[in-house]
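Below is coords_26.cif, which holds mmCIF, C-alpha atoms.
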data_coords
#
loop_
_atom_site.label_atom_id
_atom_site.label_comp_id
_atom_site.auth_asym_id
_atom_site.auth_seq_id
_atom_site.Cartn_x
_atom_site.Cartn_y
_atom_site.Cartn_z
CA MET A 9 -41.89 -27.77 17.23
CA PRO A 10 -41.49 -28.69 20.93
CA THR A 11 -37.74 -28.83 20.30
CA PHE A 12 -37.79 -25.32 18.85
CA ARG A 13 -39.91 -24.06 21.77
CA ASN A 14 -37.46 -25.60 24.26
CA LEU A 15 -34.55 -24.00 22.44
CA VAL A 16 -36.19 -20.56 22.59
CA LEU A 17 -36.99 -21.06 26.28
CA ALA A 18 -33.43 -22.14 27.07
CA THR A 19 -31.99 -19.18 25.16
CA ALA A 20 -34.30 -16.74 26.95
CA LEU A 21 -33.45 -18.17 30.36
CA THR A 22 -29.70 -18.19 29.65
CA THR A 23 -29.83 -14.59 28.46
CA ALA A 24 -31.85 -13.47 31.46
CA VAL A 25 -29.57 -14.97 34.08
CA ALA A 26 -26.19 -14.57 32.33
CA ALA A 27 -23.77 -13.33 34.97
CA PRO A 28 -21.24 -11.76 32.57
CA ALA A 29 -23.95 -9.53 31.13
CA SER A 30 -24.50 -7.92 34.51
CA ALA A 31 -20.74 -7.51 35.07
CA CYS A 32 -19.91 -5.66 31.85
CA PRO A 33 -18.22 -2.25 32.15
CA VAL A 34 -21.29 -0.42 30.80
CA CYS A 35 -23.87 -2.36 32.84
CA SER A 36 -25.71 -0.48 35.57
CA ARG A 37 -25.56 -3.36 38.06
CA PRO A 38 -23.45 -3.41 41.22
CA THR A 39 -20.85 -5.67 39.58
CA GLY A 40 -20.81 -3.54 36.45
CA ARG A 41 -20.27 -0.42 38.57
CA ALA A 42 -17.43 -2.13 40.44
CA VAL A 43 -15.81 -3.07 37.12
CA ARG A 44 -16.15 0.53 35.89
CA ALA A 45 -14.64 1.85 39.11
CA GLY A 46 -11.78 -0.63 38.82
CA ILE A 47 -10.99 0.43 35.26
CA PHE A 48 -11.12 4.17 35.91
CA ASP A 49 -9.29 4.12 39.21
CA ARG A 50 -6.21 6.20 40.13
CA ARG A 51 -3.98 3.73 38.25
CA PHE A 52 -5.79 4.39 34.96
CA GLY A 53 -3.00 6.53 33.46
CA PHE A 54 -0.34 4.05 34.54
CA ASN A 55 -2.31 1.12 33.08
CA LEU A 56 -2.91 3.04 29.86
CA LEU A 57 0.84 3.66 29.64
CA ALA A 58 1.49 -0.07 30.12
CA ALA A 59 -0.95 -0.92 27.32
CA THR A 60 0.29 1.72 24.84
CA LEU A 61 4.01 2.26 25.45
CA PRO A 62 5.26 -0.97 23.76
CA PHE A 63 3.27 -0.13 20.62
CA GLY A 64 4.48 3.47 20.69
CA VAL A 65 8.11 2.35 20.84
CA CYS A 66 7.61 -0.17 18.01
CA LEU A 67 5.78 2.43 15.91
CA GLY A 68 8.70 4.82 16.46
CA VAL A 69 11.17 2.18 15.26
CA ALA A 70 9.07 1.47 12.14
CA ALA A 71 8.81 5.24 11.44
CA ALA A 72 12.58 5.64 11.86
CA VAL A 73 13.12 2.85 9.31
CA ARG A 74 10.56 4.28 6.88
CA PHE A 75 11.68 7.91 7.03
CA GLY A 76 15.34 7.36 7.92
CA PRO A 77 18.26 7.38 5.49
CA ARG A 78 18.06 5.03 2.55
CA GLY A 79 20.33 2.01 3.09
CA GLY A 80 22.98 0.98 0.60
CA GLY A 81 23.20 -2.23 -1.42
CA SER A 82 25.16 -5.35 -0.65
CA MET B 5 27.84 -3.82 -8.87
CA ASN B 6 28.32 -0.31 -7.60
CA GLY B 7 27.32 -1.13 -4.00
CA GLN B 8 24.24 1.15 -4.06
CA ALA B 9 20.94 -0.61 -4.75
CA LYS B 10 18.42 1.39 -6.74
CA LEU B 11 15.50 -0.36 -5.09
CA ASP B 12 14.23 1.25 -1.89
CA ARG B 13 14.02 -1.32 0.92
CA ARG B 14 12.48 1.06 3.46
CA PRO B 15 8.79 0.65 2.42
CA VAL B 16 8.78 -3.15 2.66
CA LEU B 17 10.96 -3.09 5.78
CA SER B 18 8.66 -0.73 7.67
CA ALA B 19 5.53 -2.60 6.47
CA GLY B 20 7.03 -5.93 7.56
CA LEU B 21 8.05 -4.49 10.93
CA LEU B 22 4.54 -3.15 11.61
CA LEU B 23 2.92 -6.43 10.54
CA GLY B 24 5.40 -8.40 12.64
CA VAL B 25 4.63 -6.27 15.70
CA GLY B 26 0.88 -6.68 15.11
CA LEU B 27 0.94 -10.41 14.44
CA GLY B 28 3.37 -10.99 17.32
CA GLY B 29 1.04 -9.05 19.58
CA PHE B 30 -1.85 -11.24 18.46
CA VAL B 31 0.17 -14.38 19.30
CA ASP B 32 0.71 -12.98 22.80
CA GLY B 33 -2.91 -11.89 23.27
CA ILE B 34 -4.62 -14.90 21.72
CA LEU B 35 -2.26 -17.65 22.92
CA PHE B 36 -1.15 -16.41 26.36
CA HIS B 37 -4.11 -14.21 27.40
CA GLN B 38 -7.01 -16.19 25.98
CA ILE B 39 -6.23 -19.81 25.06
CA LEU B 40 -3.65 -20.71 27.74
CA GLN B 41 -4.79 -17.91 30.14
CA LEU B 42 -1.30 -17.72 31.63
CA HIS B 43 -1.65 -13.99 32.25
CA ASN B 44 -3.77 -10.95 31.51
CA MET B 45 -2.82 -7.33 30.99
CA LEU B 46 -2.97 -6.45 34.71
CA SER B 47 -2.81 -9.93 36.24
CA ALA B 48 0.17 -9.05 38.51
CA VAL B 49 -1.71 -6.16 40.14
CA ARG B 50 -5.31 -7.41 39.72
CA PRO B 51 -5.20 -11.22 39.91
CA PRO B 52 -8.11 -12.68 37.91
CA THR B 53 -9.61 -14.47 40.90
CA THR B 54 -12.92 -12.57 41.09
CA VAL B 55 -15.52 -11.70 38.46
CA VAL B 56 -14.73 -7.98 38.84
CA ASN B 57 -10.98 -8.49 38.37
CA ILE B 58 -11.55 -10.83 35.41
CA GLU B 59 -13.77 -8.19 33.77
CA ILE B 60 -11.23 -5.41 34.45
CA ASN B 61 -8.47 -7.54 32.91
CA MET B 62 -10.76 -8.30 29.97
CA PHE B 63 -11.14 -4.55 29.35
CA TRP B 64 -7.37 -3.98 29.33
CA ASP B 65 -6.79 -7.10 27.21
CA GLY B 66 -9.32 -5.66 24.76
CA LEU B 67 -7.44 -2.36 24.65
CA PHE B 68 -4.19 -4.29 24.06
CA HIS B 69 -5.85 -6.13 21.16
CA ALA B 70 -7.19 -2.84 19.77
CA PHE B 71 -3.66 -1.42 19.55
CA THR B 72 -2.42 -4.72 18.10
CA TRP B 73 -5.14 -4.50 15.45
CA ALA B 74 -4.15 -0.88 14.69
CA MET B 75 -0.50 -1.88 14.16
CA THR B 76 -1.59 -4.69 11.82
CA ALA B 77 -3.88 -2.33 9.87
CA LEU B 78 -1.04 0.20 9.55
CA GLY B 79 1.21 -2.60 8.31
CA VAL B 80 -1.32 -3.67 5.65
CA ALA B 81 -1.66 -0.03 4.51
CA ALA B 82 2.14 0.39 4.39
CA LEU B 83 2.50 -2.86 2.41
CA TRP B 84 -0.19 -1.76 -0.04
CA ARG B 85 1.60 1.58 -0.59
CA ALA B 86 4.91 -0.24 -1.05
CA GLY B 87 3.27 -2.46 -3.67
CA LEU B 88 2.19 0.61 -5.66
CA ARG B 89 5.78 1.87 -5.94
CA ASP B 90 7.98 0.79 -8.83
CA ASP B 91 11.20 1.39 -6.90
CA ALA B 92 10.24 -0.58 -3.76
CA SER B 93 12.03 -3.82 -2.98
CA ARG B 94 10.05 -7.03 -3.53
CA SER B 95 12.53 -9.32 -1.80
CA THR B 96 10.76 -12.12 0.07
CA ARG B 97 13.71 -12.54 2.40
CA THR B 98 13.62 -8.85 3.29
CA PHE B 99 9.88 -8.98 3.98
CA VAL B 100 9.95 -12.22 6.01
CA GLY B 101 13.00 -10.92 7.87
CA ALA B 102 11.17 -7.70 8.72
CA LEU B 103 8.17 -9.74 9.94
CA ALA B 104 10.40 -11.79 12.26
CA ALA B 105 12.27 -8.66 13.41
CA GLY B 106 8.95 -6.94 14.17
CA TRP B 107 7.76 -9.89 16.23
CA GLY B 108 11.08 -9.99 18.07
CA LEU B 109 10.99 -6.23 18.64
CA PHE B 110 7.50 -6.56 20.13
CA ASN B 111 8.54 -9.37 22.50
CA LEU B 112 11.62 -7.45 23.57
CA VAL B 113 9.93 -4.09 24.13
CA GLU B 114 6.71 -5.48 25.64
CA GLY B 115 8.72 -7.77 27.88
CA LEU B 116 11.01 -5.02 29.11
CA VAL B 117 8.21 -2.47 29.64
CA ASP B 118 5.31 -4.54 30.97
CA HIS B 119 7.08 -7.48 32.66
CA HIS B 120 10.21 -5.84 34.08
CA LEU B 121 9.83 -2.03 34.14
CA LEU B 122 6.13 -1.54 35.05
CA GLY B 123 5.47 -5.09 36.34
CA VAL B 124 1.79 -5.15 35.37
CA HIS B 125 1.94 -8.81 34.40
CA HIS B 126 4.37 -11.69 33.89
CA VAL B 127 4.37 -14.43 31.25
CA VAL B 128 3.42 -17.00 33.90
CA GLU B 129 2.12 -15.45 37.12
CA GLY B 130 3.55 -16.87 40.31
CA PRO B 131 6.72 -17.05 42.37
CA GLY B 132 8.86 -18.47 39.55
CA HIS B 133 7.89 -15.88 36.97
CA LEU B 134 11.40 -14.54 36.30
CA LYS B 135 12.59 -17.51 34.23
CA TRP B 136 9.53 -17.28 31.97
CA ASP B 137 9.96 -13.51 31.58
CA LEU B 138 13.61 -14.01 30.64
CA ALA B 139 12.65 -16.77 28.17
CA PHE B 140 10.18 -14.33 26.57
CA LEU B 141 12.97 -11.73 26.22
CA ALA B 142 15.27 -14.40 24.78
CA SER B 143 12.62 -15.29 22.18
CA GLY B 144 12.55 -11.61 21.23
CA VAL B 145 16.33 -11.46 20.82
CA LEU B 146 16.29 -14.70 18.78
CA LEU B 147 13.51 -13.51 16.45
CA LEU B 148 15.19 -10.13 16.05
CA THR B 149 18.55 -11.76 15.22
CA VAL B 150 17.04 -14.18 12.67
CA GLY B 151 14.98 -11.36 11.17
CA LEU B 152 17.93 -9.01 10.78
CA ALA B 153 20.00 -11.82 9.21
CA LEU B 154 17.23 -12.41 6.66
CA VAL B 155 16.94 -8.68 5.97
CA ARG B 156 20.69 -8.54 5.38
CA ALA B 157 20.51 -11.57 3.06
CA GLY B 158 17.67 -9.88 1.18
CA ARG B 159 20.09 -7.23 -0.08
CA ALA B 160 21.35 -9.80 -2.58
CA ASP B 161 17.79 -10.18 -3.98
CA ASP B 162 17.58 -6.43 -4.58
CA ALA B 163 21.06 -6.32 -6.10
CA ALA B 164 20.06 -9.15 -8.48
CA ALA B 165 16.84 -7.35 -9.40
CA ASP B 166 18.81 -4.15 -10.04
CA ALA B 167 21.35 -5.87 -12.29
CA PRO B 168 20.86 -5.09 -15.99
CA ALA B 169 19.48 -8.00 -18.07
CA GLY B 170 21.91 -9.88 -20.32
#
Conversion result in structure tokens:
Amino acid sequence: MPTFRNLVLATALTTAVAAPASACPVCSRPTGRAVRAGIFDRRFGFNLLAATLPFGVCLGVAAAVRFGPRGGGS
Amino acid sequence: MNGQAKLDRRPVLSAGLLLGVGLGGFVDGILFHQILQLHNMLSAVRPPTTVVNIEINMFWDGLFHAFTWAMTALGVAALWRAGLRDDASRSTRTFVGALAAGWGLFNLVEGLVDHHLLGVHHVVEGPGHLKWDLAFLASGVLLLTVGLALVRAGRADDAAADAPAG
């Protein structure tokens, strides 16, 4: 039982002082607010374009293959 | 042989392409972003040297993985629909070729857009990043070439399947 109690104590302490938890984008801590501000800054549209454009192009190619003319045989 | 296959190769080709793009994107995200940590989505403009920048990059890496997941899910759906059709090709070479071509297409397009055109990150961040970026593009060309060769070879599978028995 002491082992179990120590485990619970260690988990509680780790959870309470976990730095990443206070830095998450939805956390209302100074670091969390800074992360949120950094995500939704004036480059947001540009960054969104960088994240989506490659997939958009690839999706367009796949759609062109799927709905394009039917290829011939060998 | 009349030169016109009855089997439709488009469903399995498009499904393979989508799955190749998705799985290739996961290789990039899991291997380069997470395991090796060579770069992150915005590591050229927001170097991951502070907790805030690491968290911002983690957000954009997550968005990248979300789109990668969506492409994979679309590929699975397209493959399922292809499997329900009687006239869809079932050539393994065509499917594997489309997978490789999709991966190559992803490397080529992502490399050109994110590494060279927008410059939001490089394969390996640092002064000598150009050679790694060019190697990434070369891997895309290689995968695309091998994939297209397999797709072309797969035509013979469909022609054989179309041939009347006896």
Open item on the list: Using all atoms listed in the file, I'd like every residue of chain B that has an atom within 7 Å of chain A; please write them out as a list in words.
Closed with: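 Result: Gly7, Gln8, Ala9, Asp12, Arg14, Pro15, Ser18, Leu21, Leu22, Val56, Glu59, Ile60, Phe68, Leu109, Phe110, Val113, Glu114, Val117, Asp118, Leu122, Arg159, Ala160 and Ala163 of chain B.
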Keeping C-alpha atoms for every residue in the selection just given, could you write it to a file as a tab-separated table (two decimals), in the frame of the given file?
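Wrote result_8.tsv, looks like this:
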chain	number	residue	atom	x	y	z
B	7	GLY	CA	27.32	-1.13	-4.00
B	8	GLN	CA	24.24	1.15	-4.06
B	9	ALA	CA	20.94	-0.61	-4.75
B	12	ASP	CA	14.23	1.25	-1.89
B	14	ARG	CA	12.48	1.06	3.46
B	15	PRO	CA	8.79	0.65	2.42
B	18	SER	CA	8.66	-0.73	7.67
B	21	LEU	CA	8.05	-4.49	10.93
B	22	LEU	CA	4.54	-3.15	11.61
B	56	VAL	CA	-14.73	-7.98	38.84
B	59	GLU	CA	-13.77	-8.19	33.77
B	60	ILE	CA	-11.23	-5.41	34.45
B	68	PHE	CA	-4.19	-4.29	24.06
B	109	LEU	CA	10.99	-6.23	18.64
B	110	PHE	CA	7.50	-6.56	20.13
B	113	VAL	CA	9.93	-4.09	24.13
B	114	GLU	CA	6.71	-5.48	25.64
B	117	VAL	CA	8.21	-2.47	29.64
B	118	ASP	CA	5.31	-4.54	30.97
B	122	LEU	CA	6.13	-1.54	35.05
B	159	ARG	CA	20.09	-7.23	-0.08
B	160	ALA	CA	21.35	-9.80	-2.58
B	163	ALA	CA	21.06	-6.32	-6.10
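Coordinates place atom CA of Gly115 of chain B at a distance of 25.6 Å from atom CA of Val16 of chain B.
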Task: For Arg94 of chain B, the nearest of the candidates B:Leu146, B:Leu42, B:Val155, B:Leu27, counting only C-alpha atoms - done: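 Closest to Arg94 of chain B of all the choices is B:Val155.
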TODO: Please provide as a ChimeraX atom specification all residues within 10 Å of Leu78 of chain B, with the sequence filter that same-chain residues fewer than 5 positions apart are discarded (counting all atoms listed in the file).
DONE: /A:67 /B:18-19,22-23,26,72-73,83-84
TODO: Pick out the closest residue to Thr149 of chain B from this set: B:Ala164, B:Ile58, B:Ala105, B:Ile39. Count only C-alpha atoms.
DONE: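 Residue with the minimum atom-to-atom distance to Thr149 of chain B: B:Ala105.
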TODO: For the file shown, report as a ChimeraX atom specification the outcome of the PyMOL selection byres ((chain B and resi 124-141) around 8) at residue level.
DONE: /A:55,58 /B:36,42-49,111-112,115-116,118-119,122-123,142-145
Just-selected residues, C-alpha atoms written as a JSON list (two decimals), keeping the file's coordinate frame:
[["chain", "number", "residue", "atom", "x", "y", "z"],
["A", 55, "ASN", "CA", -2.31, 1.12, 33.08],
["A", 58, "ALA", "CA", 1.49, -0.07, 30.12],
["B", 36, "PHE", "CA", -1.15, -16.41, 26.36],
["B", 42, "LEU", "CA", -1.30, -17.72, 31.63],
["B", 43, "HIS", "CA", -1.65, -13.99, 32.25],
["B", 44, "ASN", "CA", -3.77, -10.95, 31.51],
["B", 45, "MET", "CA", -2.82, -7.33, 30.99],
["B", 46, "LEU", "CA", -2.97, -6.45, 34.71],
["B", 47, "SER", "CA", -2.81, -9.93, 36.24],
["B", 48, "ALA", "CA", 0.17, -9.05, 38.51],
["B", 49, "VAL", "CA", -1.71, -6.16, 40.14],
["B", 111, "ASN", "CA", 8.54, -9.37, 22.50],
["B", 112, "LEU", "CA", 11.62, -7.45, 23.57],
["B", 115, "GLY", "CA", 8.72, -7.77, 27.88],
["B", 116, "LEU", "CA", 11.01, -5.02, 29.11],
["B", 118, "ASP", "CA", 5.31, -4.54, 30.97],
["B", 119, "HIS", "CA", 7.08, -7.48, 32.66],
["B", 122, "LEU", "CA", 6.13, -1.54, 35.05],
["B", 123, "GLY", "CA", 5.47, -5.09, 36.34],
["B", 142, "ALA", "CA", 15.27, -14.40, 24.78],
["B", 143, "SER", "CA", 12.62, -15.29, 22.18],
["B", 144, "GLY", "CA", 12.55, -11.61, 21.23],
["B", 145, "VAL", "CA", 16.33, -11.46, 20.82]]
Task: Separation of atom CA of Phe99 of chain B from atom CA of Ala77 of chain B in Å - done: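 A separation of 16.4 Å between them.
If you look at atom CA of Thr76 of chain B and atom CA of Gly20 of chain B, they are 9.7 Å away from each other.
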Quick one: what's the axis-aligned box for segment 28-46 of chain A, all listed atoms, 8 Å on every side, centre and edges in Å to one decimal, as lines of an AutoDock Vina configuration file?
center_x = -18.7
center_y = -5.0
center_z = 36.0
size_x = 29.9
size_y = 29.6
size_z = 26.4
